[in-house]
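Chemist: Have a look at this one.
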Amino acid sequence: MKKSFLVAVSIVLLACQQQSGSDLKTLYALPKKLKEVSGITYFPETNMIYTLEDSGNKNAIYAIDSQGKLSKTITISNATNVDWEDITKDKAGNVYIGDFGNNDNKRRDLCIYKVAKNQLNKDFASAEYKVSFSYPEQTEFPPKKKELFYDVEGFFEHGGYFYLFTKNRSKGFDGTAFVYKIKNASGTQKAVKIGELKTCSNYNHCVLTSATISPDGKKVALLSHDKIVLFKDFKGDLFHKGKQTELNLNHFSQKEAVVFKDNNTLLIADEKADKIGGNVYEFALSR
């Protein structure tokens, strides 16, 4: 996200069931050199997160320990950081980089890089393969200002597929987000739109900036600047048709990254803006 970030003070409620959550707990400050963290993934066996930065930054991922110390920098030698917006992993521990930031909805080079788990112990790693993709619904580059639906900042891998949740940049923002599905396989693909969801009509409070699925596959959490949109009780991969609940974080900042630590706990990271943020937080879900 490169546009100016405005701190909003109004309280907006989503048009869905409300649920109270626990307070946001600050775990540690991010390393100062990481100014534009845009995604995180978590490895429970080491209690470490892996993160990256978005456009204008290095083609690298960073390992951070439980004290917030930078443990390792891994340069991905055969990948270009056009606009890396999220990072996720599969059940085997392979990591995926989402190079699909598309603020102006003009890009024709959207892709996802796979970095094998055995590459994560190296200073210079190679992506095993690249998944290039496009949105069949997009026919203009860019579309009309009221149809800027093709930016993405959140995704996860599940069951051999990637699931992408779009960031709506349309004039007259109404909270609509598209859900796309892409097979986890090398080559060029057309993303399959499996549905839509809606948050609220206030961009600052309800635009989606990251996505994650619980280890047991029963919960999906979408992040905005001051809340979590949680989906449960869905069938198959129709996450958007599950029970939708808002969890207010009672904390407004430029939150860009979320991942499940376990089935009932989230880790959240924000960028530092106007002396606010630049931390990793923990947030417990009510069971």
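Identifiers in the structure tokens: chain A, B, ... in order shown; residue index from 1 per chain; ligand index from 1 in order shown.
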Please provide the set of residues having any atom within 8 Å of Pro136 of chain A, restricted to only C-alpha atoms, with same-chain residues fewer than 2 positions apart removed, written as an NGL selection string.

Modeler: :A and (134 or 138-139 or 190-192)

Chemist: Could you pull the residues within 6 Å of Glu196 of chain A, counting only C-alpha atoms, minus those fewer than 4 positions along the same chain, as a PyMOL selection string?

Modeler: chain A and resi 177-179

Chemist: Given only C-alpha atoms as the basis, pick out the residue of A:Ala127, A:Ala273, A:Leu164, A:Ala221 nearest to Lys261 of chain A.

Modeler: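 Of the candidates, the smallest distance to Lys261 of chain A is held by A:Ala221.
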
Chemist: Using only C-alpha atoms, which residues sit within 6 Å of Tyr62 of chain A once same-chain residues fewer than 3 positions away are excluded, as a ChimeraX atom specification?

Modeler: /A:50-51,72-73

Chemist: Got time to write the residues from that selection, N, CA, C and O atoms, as a PDB file, in the first residue's frame?

Modeler:
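out.pdb was written with the following content:
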ATOM      1  N   TYR A  50       7.685 -15.708   9.203  1.00  0.00           N
ATOM      2  CA  TYR A  50       8.384 -15.278   7.994  1.00  0.00           C
ATOM      3  C   TYR A  50       7.547 -14.173   7.374  1.00  0.00           C
ATOM      4  O   TYR A  50       6.320 -14.268   7.315  1.00  0.00           O
ATOM      5  N   THR A  51       8.216 -13.116   6.944  1.00  0.00           N
ATOM      6  CA  THR A  51       7.517 -11.954   6.441  1.00  0.00           C
ATOM      7  C   THR A  51       8.197 -11.424   5.189  1.00  0.00           C
ATOM      8  O   THR A  51       9.274 -11.881   4.790  1.00  0.00           O
ATOM      9  N   LYS A  72      17.018 -14.236  10.027  1.00  0.00           N
ATOM     10  CA  LYS A  72      17.592 -14.571   8.731  1.00  0.00           C
ATOM     11  C   LYS A  72      16.931 -13.761   7.633  1.00  0.00           C
ATOM     12  O   LYS A  72      15.732 -13.500   7.679  1.00  0.00           O
ATOM     13  N   THR A  73      17.722 -13.365   6.647  1.00  0.00           N
ATOM     14  CA  THR A  73      17.225 -12.736   5.431  1.00  0.00           C
ATOM     15  C   THR A  73      17.501 -13.685   4.273  1.00  0.00           C
ATOM     16  O   THR A  73      18.632 -14.113   4.077  1.00  0.00           O
TER      17      THR A  73
END

Chemist: Pick out each residue of segment 88-185 of chain A that DSSP on the backbone tags as helix (DSSP H, G or I); I need them as JSON, numbers by chain.

Modeler: {"A": [117, 118, 119, 145, 146, 147]}

Chemist: May I ask which of the residues A:Phe124, A:Tyr135, A:Tyr96, A:Phe141 is the closest one to Tyr161 of chain A, counting only C-alpha atoms?

Modeler: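 Closest residue, counting only C-alpha atoms: A:Tyr96.
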
Chemist: Taking the backbone alone, and naming residues the way the document does, which bits of segment 56-168 of chain A are strand (DSSP E or B) by DSSP, as an NGL selection string?

Modeler: :A and (60-64 or 70-76 or 86-89 or 95-99 or 111-115 or 124-125 or 129-134 or 151-158 or 161-167)

Chemist: For Ile97 of chain A, work out the shell of residues within 8 Å, counting only C-alpha atoms and skipping chain neighbours fewer than 5 positions away, then give it as a PyMOL selection string.

Modeler: chain A and resi 84-88+112-115

Chemist: Expressed in Å to a single decimal, how great is the separation between atom CA of Glu45 of chain A and atom CA of Gly93 of chain A?

Modeler: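 Interatomic distance here is 10.5 Å.
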
Chemist: Considering only C-alpha atoms, return as a ChimeraX atom specification whatever protein or nucleic-acid residues lie within 8 Å of Leu223 of chain A, sequence-local ones (same chain, fewer than 4 positions apart) excluded.

Modeler: /A:208-211,227-229,255-258
